[in-house]
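*Asks:* Here you go, model28.cif (mmCIF, C-alpha atoms):
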```cif
data_work
loop_
_atom_site.label_atom_id
_atom_site.label_comp_id
_atom_site.auth_asym_id
_atom_site.auth_seq_id
_atom_site.Cartn_x
_atom_site.Cartn_y
_atom_site.Cartn_z
CA MET A 226 -22.24 -18.99 -8.46
CA SER A 227 -18.45 -19.17 -8.06
CA THR A 228 -16.16 -20.33 -5.27
CA ILE A 229 -13.15 -18.29 -4.22
CA ASP A 230 -10.17 -19.64 -2.34
CA ILE A 231 -9.28 -17.35 0.59
CA LYS A 232 -6.01 -17.43 2.54
CA ILE A 233 -6.08 -16.81 6.31
CA THR A 234 -2.74 -15.51 7.61
CA ALA A 235 -1.32 -14.07 10.88
CA LEU A 236 -2.16 -17.34 12.68
CA SER A 237 0.60 -16.77 15.23
CA HIS A 238 -0.86 -13.43 16.37
CA CYS A 239 -4.40 -14.49 17.32
CA ASN A 240 -6.22 -16.64 19.89
CA TRP A 241 -4.97 -19.90 18.42
CA LYS A 242 -1.30 -18.84 18.55
CA ASP A 243 -0.48 -21.12 21.50
CA ASN A 244 -2.39 -24.08 20.06
CA LEU A 245 -1.57 -24.12 16.37
CA ALA A 246 -1.04 -27.89 16.46
CA GLN A 247 -4.56 -28.31 17.87
CA LEU A 248 -5.91 -25.92 15.23
CA GLN A 249 -4.26 -27.99 12.53
CA ARG A 250 -5.83 -31.20 13.89
CA ASN A 251 -9.28 -29.63 14.29
CA PHE A 252 -9.36 -27.71 11.01
CA ALA A 253 -11.67 -30.21 9.37
CA CYS A 254 -12.61 -29.79 5.73
CA GLY A 255 -16.10 -28.30 5.37
CA ASN A 256 -16.39 -26.86 8.89
CA GLY A 257 -17.68 -23.29 9.14
CA VAL A 258 -15.26 -20.35 9.40
CA LEU A 259 -16.72 -16.91 10.13
CA LEU A 260 -15.19 -13.92 8.32
CA LYS A 261 -15.93 -10.56 9.94
CA ARG A 262 -14.80 -7.00 9.22
CA ASP A 263 -12.52 -5.55 11.91
CA HIS A 264 -13.58 -1.91 12.17
CA ASP A 265 -11.13 -1.28 15.02
CA ASN A 266 -8.16 -2.02 12.78
CA VAL A 267 -6.21 0.84 11.17
CA ASP A 268 -6.53 -1.08 7.90
CA PRO A 269 -10.06 -0.24 6.65
CA SER A 270 -10.17 -3.53 4.71
CA ALA A 271 -9.11 -5.81 7.59
CA VAL A 272 -11.20 -9.00 7.85
CA GLN A 273 -10.86 -11.34 10.83
CA ALA A 274 -11.43 -15.08 10.69
CA PHE A 275 -13.04 -16.97 13.57
CA TYR A 276 -12.96 -20.75 14.07
CA MET A 277 -14.57 -22.63 16.96
CA GLY A 278 -15.30 -19.35 18.73
CA LYS A 279 -11.73 -17.99 18.55
CA THR A 280 -9.99 -15.54 16.25
CA MET A 281 -7.65 -17.58 14.05
CA GLY A 282 -6.14 -14.88 11.86
CA TYR A 283 -6.87 -12.37 9.11
CA VAL A 284 -7.77 -12.64 5.45
CA CYS A 285 -4.56 -11.94 3.49
CA SER A 286 -4.24 -8.35 2.33
CA GLU A 287 -4.58 -9.10 -1.40
CA GLN A 288 -8.01 -10.69 -0.80
CA ALA A 289 -9.38 -8.58 2.06
CA SER A 290 -10.82 -5.85 -0.19
CA LEU A 291 -12.73 -8.45 -2.21
CA CYS A 292 -14.27 -9.89 0.98
CA CYS A 293 -15.26 -6.39 2.14
CA ASP A 294 -16.92 -5.67 -1.20
CA ILE A 295 -18.88 -8.93 -1.08
CA MET A 296 -20.08 -8.09 2.44
CA GLN A 297 -21.03 -4.57 1.40
CA GLN A 298 -23.00 -5.77 -1.61
CA LYS A 299 -24.80 -8.30 0.59
CA GLY A 300 -25.50 -5.64 3.21
CA ALA A 301 -23.73 -7.76 5.85
CA GLU A 302 -20.76 -7.48 8.19
CA THR A 303 -19.83 -11.17 7.96
CA LEU A 304 -19.36 -14.04 5.53
CA ILE A 305 -19.47 -17.76 6.20
CA ALA A 306 -16.66 -19.80 4.68
CA ARG A 307 -15.81 -23.51 4.63
CA ALA A 308 -12.55 -24.84 6.03
CA ALA A 309 -10.38 -26.31 3.27
CA ASP A 310 -6.78 -26.89 4.32
CA PHE A 311 -4.05 -26.07 6.86
CA VAL A 312 -0.90 -25.22 4.88
CA GLU A 313 2.64 -25.26 6.27
CA LYS A 314 4.71 -24.21 3.23
CA PRO A 315 5.87 -21.86 1.74
CA TYR A 316 4.36 -20.11 4.77
CA ARG A 317 1.84 -21.18 7.41
CA HIS A 318 -1.75 -20.26 6.61
CA CYS A 319 -5.23 -21.73 6.31
CA ARG A 320 -7.35 -21.97 3.18
CA VAL A 321 -11.10 -21.44 3.29
CA MET A 322 -13.71 -21.41 0.53
CA VAL A 323 -16.41 -18.78 0.02
CA ASP A 324 -19.35 -19.15 -2.38
CA VAL A 325 -20.25 -15.91 -4.09
CA GLU A 326 -22.43 -14.75 -6.94
CA ASP A 327 -20.35 -13.91 -10.03
CA GLU A 328 -21.47 -10.28 -10.21
CA ARG A 329 -19.95 -9.74 -6.76
CA MET A 330 -16.45 -10.70 -7.84
CA THR A 331 -15.21 -7.18 -8.49
CA THR A 332 -13.20 -4.94 -6.19
CA GLN A 333 -14.34 -1.37 -5.57
CA THR A 334 -12.10 1.62 -4.85
CA SER A 335 -14.69 4.33 -4.15
CA GLU A 336 -13.28 4.88 -0.65
CA ASN A 337 -10.31 6.63 -2.31
CA GLN A 338 -12.53 9.33 -3.82
CA ILE A 339 -11.87 11.62 -0.84
CA TYR A 340 -8.18 11.64 -1.80
CA LYS A 341 -8.84 12.21 -5.49
CA ASP A 342 -10.84 15.34 -4.70
CA TRP A 343 -7.96 16.95 -2.77
CA SER A 344 -6.54 20.07 -4.45
CA TYR A 345 -2.82 20.91 -4.48
CA SER A 346 -1.33 23.62 -6.73
CA GLY A 347 2.35 23.44 -5.74
CA PRO A 348 5.27 21.78 -7.56
CA VAL A 349 5.37 17.99 -7.75
CA LEU A 350 8.38 15.71 -7.48
CA ARG A 351 9.23 13.60 -10.50
CA LEU A 352 9.39 9.82 -10.11
CA ASN A 353 12.85 8.41 -9.47
CA ASP A 354 14.32 5.61 -11.59
CA GLU A 355 13.21 2.82 -9.28
CA MET A 356 9.59 3.95 -9.28
CA GLN A 357 9.58 4.37 -13.04
CA ASN A 358 10.93 0.81 -13.34
CA LEU A 359 8.17 -0.45 -11.02
CA ASN A 360 5.47 1.27 -13.08
CA CYS A 361 6.88 -0.17 -16.31
CA ALA A 362 7.06 -3.65 -14.79
CA TYR A 363 3.46 -3.70 -13.58
CA GLN A 364 2.15 -2.26 -16.85
CA TYR A 365 4.09 -4.92 -18.77
CA LEU A 366 2.69 -7.67 -16.54
CA ASP A 367 -0.80 -6.23 -17.03
CA TYR A 368 -0.57 -7.05 -20.76
CA VAL A 369 0.22 -10.65 -19.78
CA ILE A 370 -2.82 -10.84 -17.48
CA ARG A 371 -5.01 -9.54 -20.30
CA GLY A 372 -3.66 -12.26 -22.61
CA GLU A 373 -1.87 -9.88 -24.99
CA LEU A 374 1.62 -11.18 -24.16
CA PRO A 375 2.87 -14.71 -23.39
CA TRP A 376 4.72 -15.62 -20.21
CA ASP A 377 8.39 -15.79 -21.18
CA GLU A 378 11.87 -14.81 -19.95
CA THR A 379 11.21 -11.12 -20.56
CA VAL A 380 8.05 -11.26 -18.48
CA GLU A 381 9.89 -13.04 -15.67
CA GLU A 382 12.42 -10.19 -15.57
CA SER A 383 9.54 -7.71 -15.24
CA PHE A 384 8.13 -9.90 -12.47
CA LYS A 385 11.48 -9.76 -10.61
CA THR A 386 11.53 -5.97 -10.97
CA PHE A 387 8.01 -5.75 -9.58
CA LEU A 388 8.91 -7.88 -6.55
CA LYS A 389 12.05 -5.85 -5.95
CA PHE A 390 10.31 -2.49 -5.64
CA HIS A 391 6.60 -3.09 -4.89
CA ARG A 392 6.86 -3.17 -1.08
CA HIS A 393 7.78 0.52 -0.95
CA SER A 394 4.85 1.62 -3.07
CA PHE A 395 1.67 2.27 -1.12
CA SER A 396 -0.46 3.59 -3.96
CA ASP A 397 -3.90 2.22 -4.78
CA GLU A 398 -2.73 1.35 -8.29
CA ILE A 399 0.03 -0.98 -7.07
CA PHE A 400 -2.15 -2.43 -4.30
CA GLN A 401 -4.95 -3.29 -6.73
CA PHE A 402 -2.50 -4.72 -9.24
CA ARG A 403 -0.97 -7.01 -6.60
CA ILE A 404 -4.46 -8.44 -6.06
CA ARG A 405 -5.07 -8.96 -9.78
CA LEU A 406 -1.64 -10.47 -10.38
CA SER A 407 -2.00 -12.88 -7.45
CA ARG A 408 -5.41 -14.11 -8.63
CA TRP A 409 -4.23 -14.55 -12.19
CA MET A 410 -1.08 -16.45 -11.21
CA ASN A 411 -2.94 -18.74 -8.82
CA SER A 412 -5.41 -19.68 -11.54
CA ASN A 413 -2.74 -20.31 -14.20
CA ASP A 414 -1.55 -23.90 -14.74
CA ASP A 415 1.77 -22.98 -16.39
CA PRO A 416 4.56 -24.42 -14.12
CA ARG A 417 6.66 -21.29 -14.67
CA VAL A 418 3.81 -19.09 -13.49
CA GLN A 419 3.10 -21.34 -10.51
CA ARG A 420 6.76 -21.16 -9.47
CA CYS A 421 6.60 -17.36 -9.54
CA ALA A 422 3.26 -17.44 -7.71
CA SER A 423 4.92 -19.36 -4.88
CA ILE A 424 7.72 -16.79 -4.73
CA MET A 425 5.21 -13.93 -4.62
CA ALA A 426 3.15 -15.61 -1.89
CA THR A 427 6.27 -15.90 0.27
CA GLU A 428 7.15 -12.26 -0.46
CA PHE A 429 3.68 -11.07 0.61
CA PHE A 430 3.91 -13.14 3.79
CA ASN A 431 7.27 -11.55 4.65
CA LEU A 432 5.95 -7.98 4.39
CA ARG A 433 6.43 -6.22 7.72
CA PRO A 434 3.89 -3.37 8.06
CA HIS A 435 5.63 -1.79 11.08
CA GLU A 436 8.91 -1.58 9.15
CA ASN A 437 7.19 -0.04 6.14
CA ARG A 438 5.36 2.48 8.30
CA GLN A 439 8.66 3.71 9.74
CA TRP A 440 10.09 3.75 6.24
CA VAL A 441 7.38 6.21 5.13
CA ILE A 442 8.44 8.74 7.77
CA ASP A 443 12.16 8.30 7.05
CA PHE A 444 11.51 8.62 3.33
CA ILE A 445 9.70 11.96 3.63
CA LYS A 446 12.40 13.32 5.95
CA MET A 447 15.09 12.50 3.36
CA LEU A 448 13.16 13.81 0.33
CA PRO A 449 14.54 17.38 0.60
CA HIS A 450 18.03 15.93 0.11
CA THR A 451 17.34 14.02 -3.11
CA GLU A 452 18.08 14.82 -6.72
CA GLU A 453 14.35 14.71 -7.47
CA PHE A 454 13.75 17.50 -4.97
CA GLN A 455 16.65 19.53 -6.34
CA HIS A 456 15.19 19.22 -9.83
CA MET A 457 11.74 20.29 -8.60
CA LEU A 458 13.15 23.49 -7.09
CA LEU A 459 15.17 24.27 -10.21
CA VAL A 460 12.25 24.11 -12.65
CA ASN A 461 9.54 25.70 -10.48
CA ASP A 462 8.95 29.07 -8.86
CA ILE A 463 9.27 29.44 -5.11
CA PRO A 464 5.91 28.21 -3.79
CA ASP A 465 3.39 30.42 -2.04
CA THR A 466 3.82 29.05 1.48
CA SER A 467 0.51 30.37 2.83
CA LEU A 468 -1.32 28.59 0.01
CA LEU A 469 0.83 25.49 0.53
CA MET A 470 -0.07 25.28 4.21
CA SER A 471 -3.74 25.98 3.50
CA GLU A 472 -3.91 23.14 0.97
CA LEU A 473 -2.09 20.76 3.29
CA GLN A 474 -4.57 21.50 6.05
CA GLN A 475 -7.34 20.41 3.65
CA CYS A 476 -5.67 17.07 2.96
CA PRO A 477 -8.14 14.23 3.77
CA GLY A 478 -7.76 12.20 6.93
CA HIS A 479 -5.98 15.02 8.80
CA LEU A 480 -2.74 13.70 7.29
CA TYR A 481 -0.91 17.01 7.62
CA ARG A 482 -1.66 17.20 11.33
CA LEU A 483 -0.83 13.52 11.86
CA PHE A 484 2.53 13.88 10.11
CA TYR A 485 3.69 16.36 12.74
CA LYS A 486 1.68 15.28 15.76
CA SER A 487 1.56 11.49 15.38
CA PRO A 488 3.95 10.24 12.66
CA ASP A 489 3.18 6.56 13.30
CA ASP A 490 -0.55 7.16 12.78
CA PHE A 491 0.24 9.14 9.63
CA ALA A 492 2.29 6.25 8.25
CA SER A 493 -0.42 3.74 9.17
CA VAL A 494 -3.09 5.71 7.27
CA VAL A 495 -0.86 5.99 4.19
CA TYR A 496 0.11 2.31 4.38
CA TYR A 497 -3.39 0.90 4.84
CA HIS A 498 -5.63 3.37 2.97
CA HIS A 499 -3.71 3.24 -0.33
CA PRO A 500 -4.23 6.76 -1.75
CA PRO A 501 -3.81 7.04 -5.54
CA GLN A 502 -0.27 7.48 -6.84
CA ASN A 503 -0.75 11.06 -8.03
CA VAL A 504 -2.14 12.02 -4.60
CA LEU A 505 0.87 10.50 -2.83
CA ARG A 506 3.23 12.38 -5.14
CA ARG A 507 1.51 15.70 -4.41
CA MET A 508 1.23 15.05 -0.67
CA PHE A 509 4.85 14.00 -0.28
CA SER A 510 6.01 16.93 -2.42
CA ALA A 511 4.15 19.37 -0.17
CA LEU A 512 5.50 17.79 3.03
CA ALA A 513 9.02 17.76 1.58
CA LEU A 514 8.73 21.50 0.89
CA CYS A 515 7.72 22.03 4.52
CA GLU A 516 10.75 20.05 5.66
CA HIS A 517 13.11 21.85 3.27
CA PHE A 518 12.03 25.36 4.26
CA GLN A 519 11.62 24.30 7.89
CA LEU A 520 8.10 25.66 8.02
CA PRO A 521 6.68 25.49 11.54
CA TYR A 522 3.48 23.61 12.18
CA CYS A 523 0.93 26.27 13.08
CA ASP A 524 -2.18 27.97 11.66
CA GLU A 525 -0.84 31.49 11.24
CA SER A 526 -0.11 32.06 7.56
CA VAL A 527 1.66 35.36 8.34
CA ARG A 528 4.28 33.47 10.30
CA TYR A 529 4.71 31.09 7.39
CA GLN A 530 5.39 33.99 5.04
CA GLN A 531 7.85 35.59 7.44
CA HIS A 532 9.61 32.27 7.97
CA MET A 533 9.79 31.88 4.21
CA VAL A 534 11.48 35.27 3.82
CA ASN A 535 14.06 34.28 6.42
CA ASN A 536 14.77 31.05 4.55
CA THR A 537 14.72 32.31 0.96
CA ASN A 538 18.48 31.91 0.74
CA ASN A 539 18.03 28.20 1.30
CA TYR A 540 16.43 28.01 -2.11
CA ASN A 541 19.74 28.24 -3.98
CA ASN A 542 22.04 26.85 -1.28
CA TYR A 543 20.92 23.23 -1.06
CA GLY A 544 23.56 20.55 -1.56
CA VAL A 545 23.51 17.71 -4.03
CA VAL A 546 23.44 14.36 -2.24
CA ASN A 547 22.87 10.77 -3.28
CA ASN A 548 19.60 9.97 -4.98
CA ALA A 549 16.90 8.28 -2.88
CA ARG A 550 16.86 4.60 -3.75
CA MET A 551 13.11 4.07 -3.37
CA ALA A 552 9.88 6.03 -3.67
CA ALA A 553 6.72 5.59 -1.63
CA TRP A 554 4.26 6.68 -4.31
#
```
Reformat the file's structure so that it appears as structure tokens.
*Replies:*
Amino acid sequence: MSTIDIKITALSHCNWKDNLAQLQRNFACGNGVLLKRDHDNVDPSAVQAFYMGKTMGYVCSEQASLCCDIMQQKGAETLIARAADFVEKPYRHCRVMVDVEDERMTTQTSENQIYKDWSYSGPVLRLNDEMQNLNCAYQYLDYVIRGELPWDETVEESFKTFLKFHRHSFSDEIFQFRIRLSRWMNSNDDPRVQRCASIMATEFFNLRPHENRQWVIDFIKMLPHTEEFQHMLLVNDIPDTSLLMSELQQCPGHLYRLFYKSPDDFASVVYYHHPPQNVLRRMFSALALCEHFQLPYCDESVRYQQHMVNNTNNYNNYGVVNNARMAAW
């Protein structure tokens, strides 16, 4: 049996928001806190916390998946936790404790299988410099977590790189690594690690989902004007647009339809469901091709082919513009 320390955030957005001072006074150590999955939330891993009959907040994103897995393995929709502390700095949150059997301490990612099975045969955008730097940083930090490298100045530079670029990566790989890194840092007694853990906790608290969701849409719209897109067109044949549209229509979660019919819902699914990185690269490449060739959203492949013929000249007449500074995969 182990005990995990869970952070409850978003206190100012729930039933206690007008009485946080009272919540702080009444949050007695050892009192019961109910954790319950929120199936109405766009985030499939969202877990609400209830205290004294009121919603008090949500389990922080880096721990929500773990709570969901524990509930699933217990065959339950709730967990009971014990109140531990009301914390003001570096950001306001509550700490609760959950007792769990050791074999239930792993995080599952099977819900992403539907994305892994999606087939796409078109050209794929290469990673830009910023995303390559992010991947290198998290792989370097992974060696530290596994005990194969010590925490030193070089590692701290990799940590800074990770913090600089991680918020614009919505892949399952980066999401899962954020969870692992946070747990490892919080359990490490090295003062240098604890200082960085505090910085990372503040960074996670300052994430603004609505801003990132809008960023996803803006990012895809600008992809056809990037050097990465130019390179993809140069080294690949002109794609078969009827096949492209057919494969997009098979994309899980109706993402193709949502992109054109409800962009905010599209961005929410991408932001909260964390598809694997290679799926995001293929999906965004396909949508960028649609944007570049101005393919209409419809189900008539003949019209796609005709539209493609009318826009063939665009293939060699695109302009070179500034490179995109971030990448969402």
*Asks:* At a cut-off of 7 Å from (2.8, 1.5, 3.8) in the coordinates of the file, what residues are picked up using all atoms listed in the file, written as a list in words?
*Replies:* His393, Phe395, Pro434, Asn437, Arg438, Val441, Ala492, Ser493, Val495, Tyr496 and Tyr497 of chain A
*Asks:* Would you save the residues from that selection as a compact mmCIF listing (two decimals), keeping the file's coordinate frame, using C-alpha atoms?
*Replies:*
```txt
# COMPACT_ATOMS: atom_id res chain seq x y z
CA HIS A 393 7.78 0.52 -0.95
CA PHE A 395 1.67 2.27 -1.12
CA PRO A 434 3.89 -3.37 8.06
CA ASN A 437 7.19 -0.04 6.14
CA ARG A 438 5.36 2.48 8.30
CA VAL A 441 7.38 6.21 5.13
CA ALA A 492 2.29 6.25 8.25
CA SER A 493 -0.42 3.74 9.17
CA VAL A 495 -0.86 5.99 4.19
CA TYR A 496 0.11 2.31 4.38
CA TYR A 497 -3.39 0.90 4.84
```
*Asks:* Between A:Leu260, A:Met356, A:Val321, A:Met277, which is the closest to Thr303 (chain A) once you count only C-alpha atoms?
*Replies:* A:Leu260
*Asks:* Please indicate the distance in Å from CA of Ser346 (chain A) to CA of Ser394 (chain A), rounded to one decimal place.
*Replies:*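 The value is 23.1 Å.
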*Asks:* Step by step, work through what the PyMOL selection byres ((chain A and resi 417) around 12) selects in the shown file, and finish by giving those residues as number ranges by chain.
*Replies:* A: 375-378, 380-381, 384, 410-411, 413-416, 418-424
*Asks:* Contacts between region 400-406 of chain A and region 430-506 of chain A, please, where a residue of region 430-506 of chain A counts if it comes within 12 Å (with all atoms listed in the file); show its shortest atom pair and distance in Å to one decimal, rows by chain and ascending number, as a Markdown table.
*Replies:*
```
| residue | atom | partner | partner_atom | distance |
| --- | --- | --- | --- | --- |
| A:Tyr496 | CA | A:Phe400 | CA | 10.1 |
| A:Tyr497 | CA | A:Phe400 | CA | 9.8 |
| A:His498 | CA | A:Phe400 | CA | 9.9 |
| A:His499 | CA | A:Phe400 | CA | 7.1 |
| A:Pro500 | CA | A:Phe400 | CA | 9.8 |
| A:Pro501 | CA | A:Phe400 | CA | 9.7 |
| A:Gln502 | CA | A:Phe400 | CA | 10.4 |
```
*Asks:* Quick one: residues within 10 Å of Leu304 (chain A), only C-alpha atoms, excluding same-chain residues fewer than 3 positions away - as a VMD selection string?
*Replies:* chain A and resid 258 to 262 272 274 292 to 293 295 to 296 299 301 323 to 325
*Asks:* Work out how far apart CA of Gln474 (chain A) and CA of Lys446 (chain A) are and give it in Å to one decimal.
*Replies:*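 Between CA of Gln474 (chain A) and CA of Lys446 (chain A) the gap works out to 18.8 Å.
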*Asks:* Convert the output of the PyMOL selection byres ((chain A and resi 237) around 12) on the shown file into explicit residues, formatted as number ranges by chain.
*Replies:* A: 233-236, 238-246, 248, 280-283, 316-319
*Asks:* Provide the CA of Ser286 (chain A) to CA of Asp310 (chain A) distance in Å, to one decimal place.
*Replies:*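 Distance between the two atoms: 18.8 Å.
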*Asks:* Where does the PyMOL selection byres ((chain A and resi 475) around 12) land in this file, that is, which residues does it pick, as a list in words?
*Replies:* Ile339, Tyr340, Asp342, Trp343, Ser344, Tyr345, Leu468, Leu469, Met470, Ser471, Glu472, Leu473, Gln474, Cys476, Pro477, Gly478, His479, Leu480, Tyr481, Arg482 and Met508 of chain A
*Asks:* So that I have them on file, write out the residues from the current selection with C-alpha atoms, as a PDB file, in the coordinates of the input.
*Replies:*
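Written file, again.pdb:
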```
ATOM      1  CA  ILE A 339     -11.870  11.620  -0.840  1.00  0.00           C
ATOM      2  CA  TYR A 340      -8.180  11.640  -1.800  1.00  0.00           C
ATOM      3  CA  ASP A 342     -10.840  15.340  -4.700  1.00  0.00           C
ATOM      4  CA  TRP A 343      -7.960  16.950  -2.770  1.00  0.00           C
ATOM      5  CA  SER A 344      -6.540  20.070  -4.450  1.00  0.00           C
ATOM      6  CA  TYR A 345      -2.820  20.910  -4.480  1.00  0.00           C
ATOM      7  CA  LEU A 468      -1.320  28.590   0.010  1.00  0.00           C
ATOM      8  CA  LEU A 469       0.830  25.490   0.530  1.00  0.00           C
ATOM      9  CA  MET A 470      -0.070  25.280   4.210  1.00  0.00           C
ATOM     10  CA  SER A 471      -3.740  25.980   3.500  1.00  0.00           C
ATOM     11  CA  GLU A 472      -3.910  23.140   0.970  1.00  0.00           C
ATOM     12  CA  LEU A 473      -2.090  20.760   3.290  1.00  0.00           C
ATOM     13  CA  GLN A 474      -4.570  21.500   6.050  1.00  0.00           C
ATOM     14  CA  CYS A 476      -5.670  17.070   2.960  1.00  0.00           C
ATOM     15  CA  PRO A 477      -8.140  14.230   3.770  1.00  0.00           C
ATOM     16  CA  GLY A 478      -7.760  12.200   6.930  1.00  0.00           C
ATOM     17  CA  HIS A 479      -5.980  15.020   8.800  1.00  0.00           C
ATOM     18  CA  LEU A 480      -2.740  13.700   7.290  1.00  0.00           C
ATOM     19  CA  TYR A 481      -0.910  17.010   7.620  1.00  0.00           C
ATOM     20  CA  ARG A 482      -1.660  17.200  11.330  1.00  0.00           C
ATOM     21  CA  MET A 508       1.230  15.050  -0.670  1.00  0.00           C
TER      22      MET A 508
END
```
*Asks:* A:Val349, A:Arg408, A:Phe509, A:Phe311: which is nearest Gln247 (chain A), counting all atoms listed in the file?
*Replies:*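 Closest to Gln247 (chain A) of all the choices is A:Phe311.
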*Asks:* Would you kindly return, as a ChimeraX atom specification, each protein, DNA or RNA residue with an atom no farther than 8 Å from any atom of Ser510 (chain A), considering all atoms listed in the file and excluding same-chain residues fewer than 2 positions away?
*Replies:* /A:348-350,506-508,512-514
*Asks:* Restrict the selected residues to C-alpha atoms and save them as a CSV table (one decimal), keeping the file's coordinate frame.
*Replies:*
```csv
chain,number,residue,atom,x,y,z
A,348,PRO,CA,5.3,21.8,-7.6
A,349,VAL,CA,5.4,18.0,-7.8
A,350,LEU,CA,8.4,15.7,-7.5
A,506,ARG,CA,3.2,12.4,-5.1
A,507,ARG,CA,1.5,15.7,-4.4
A,508,MET,CA,1.2,15.0,-0.7
A,512,LEU,CA,5.5,17.8,3.0
A,513,ALA,CA,9.0,17.8,1.6
A,514,LEU,CA,8.7,21.5,0.9
```
*Asks:* Out of A:Ile442, A:Val460, A:Ala289, A:Ile229, which residue has the shortest atom-to-atom distance to Ser487 (chain A) when counting all atoms listed in the file?
*Replies:*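 Distance minimum relative to Ser487 (chain A) lands on A:Ile442.
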*Asks:* Could you name the residues that touch Arg320 (chain A) at 10 Å or less, counting all atoms listed in the file, but leaving out those on the same chain fewer than 5 positions away, as a PyMOL selection string?
*Replies:* chain A and resi 230-234+252+254+284+306-312
*Asks:* Taking C-alpha atoms for each residue, export the selection above as a tab-separated table (two decimals), in the frame of the given file.
*Replies:*
```tsv
chain	number	residue	atom	x	y	z
A	230	ASP	CA	-10.17	-19.64	-2.34
A	231	ILE	CA	-9.28	-17.35	0.59
A	232	LYS	CA	-6.01	-17.43	2.54
A	233	ILE	CA	-6.08	-16.81	6.31
A	234	THR	CA	-2.74	-15.51	7.61
A	252	PHE	CA	-9.36	-27.71	11.01
A	254	CYS	CA	-12.61	-29.79	5.73
A	284	VAL	CA	-7.77	-12.64	5.45
A	306	ALA	CA	-16.66	-19.80	4.68
A	307	ARG	CA	-15.81	-23.51	4.63
A	308	ALA	CA	-12.55	-24.84	6.03
A	309	ALA	CA	-10.38	-26.31	3.27
A	310	ASP	CA	-6.78	-26.89	4.32
A	311	PHE	CA	-4.05	-26.07	6.86
A	312	VAL	CA	-0.90	-25.22	4.88
```
*Asks:* Rank nothing, just name the residue among A:Asn266, A:Thr466, A:Gly347, A:Gln249 nearest to Pro521 (chain A), using all atoms listed in the file.
*Replies:*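 Going through A:Asn266, A:Thr466, A:Gly347, A:Gln249 one by one, the smallest distance to Pro521 (chain A) is for A:Thr466.
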*Asks:* Pop region 363-375 of chain A out of the structure in the block and write N, CA and C atoms as a PDB file, in the first residue's frame.
*Replies:*
```pdb
ATOM      1  N   TYR A 363      13.399  16.421 -23.661  1.00  0.00           N
ATOM      2  CA  TYR A 363      12.672  15.464 -22.814  1.00  0.00           C
ATOM      3  C   TYR A 363      13.346  14.097 -22.823  1.00  0.00           C
ATOM      4  N   GLN A 364      13.995  13.723 -23.923  1.00  0.00           N
ATOM      5  CA  GLN A 364      14.720  12.455 -23.938  1.00  0.00           C
ATOM      6  C   GLN A 364      15.953  12.519 -23.036  1.00  0.00           C
ATOM      7  N   TYR A 365      16.601  13.689 -23.006  1.00  0.00           N
ATOM      8  CA  TYR A 365      17.754  13.877 -22.124  1.00  0.00           C
ATOM      9  C   TYR A 365      17.325  13.790 -20.660  1.00  0.00           C
ATOM     10  N   LEU A 366      16.213  14.467 -20.331  1.00  0.00           N
ATOM     11  CA  LEU A 366      15.703  14.431 -18.963  1.00  0.00           C
ATOM     12  C   LEU A 366      15.245  13.026 -18.568  1.00  0.00           C
ATOM     13  N   ASP A 367      14.795  12.249 -19.548  1.00  0.00           N
ATOM     14  CA  ASP A 367      14.364  10.887 -19.259  1.00  0.00           C
ATOM     15  C   ASP A 367      15.523  10.043 -18.735  1.00  0.00           C
ATOM     16  N   TYR A 368      16.740  10.265 -19.248  1.00  0.00           N
ATOM     17  CA  TYR A 368      17.909   9.548 -18.746  1.00  0.00           C
ATOM     18  C   TYR A 368      18.169   9.899 -17.275  1.00  0.00           C
ATOM     19  N   VAL A 369      17.884  11.165 -16.914  1.00  0.00           N
ATOM     20  CA  VAL A 369      18.068  11.588 -15.525  1.00  0.00           C
ATOM     21  C   VAL A 369      17.061  10.876 -14.622  1.00  0.00           C
ATOM     22  N   ILE A 370      15.803  10.814 -15.061  1.00  0.00           N
ATOM     23  CA  ILE A 370      14.772  10.141 -14.276  1.00  0.00           C
ATOM     24  C   ILE A 370      15.126   8.674 -14.054  1.00  0.00           C
ATOM     25  N   ARG A 371      15.709   8.050 -15.068  1.00  0.00           N
ATOM     26  CA  ARG A 371      16.069   6.637 -14.968  1.00  0.00           C
ATOM     27  C   ARG A 371      17.365   6.419 -14.190  1.00  0.00           C
ATOM     28  N   GLY A 372      17.998   7.510 -13.738  1.00  0.00           N
ATOM     29  CA  GLY A 372      19.200   7.391 -12.927  1.00  0.00           C
ATOM     30  C   GLY A 372      20.475   7.174 -13.715  1.00  0.00           C
ATOM     31  N   GLU A 373      20.444   7.407 -15.039  1.00  0.00           N
ATOM     32  CA  GLU A 373      21.619   7.189 -15.863  1.00  0.00           C
ATOM     33  C   GLU A 373      22.452   8.450 -16.049  1.00  0.00           C
ATOM     34  N   LEU A 374      21.912   9.597 -15.644  1.00  0.00           N
ATOM     35  CA  LEU A 374      22.640  10.859 -15.691  1.00  0.00           C
ATOM     36  C   LEU A 374      22.395  11.610 -14.385  1.00  0.00           C
ATOM     37  N   PRO A 375      23.389  12.361 -13.893  1.00  0.00           N
ATOM     38  CA  PRO A 375      23.169  13.175 -12.688  1.00  0.00           C
ATOM     39  C   PRO A 375      22.510  14.505 -13.045  1.00  0.00           C
TER      40      PRO A 375
END
```
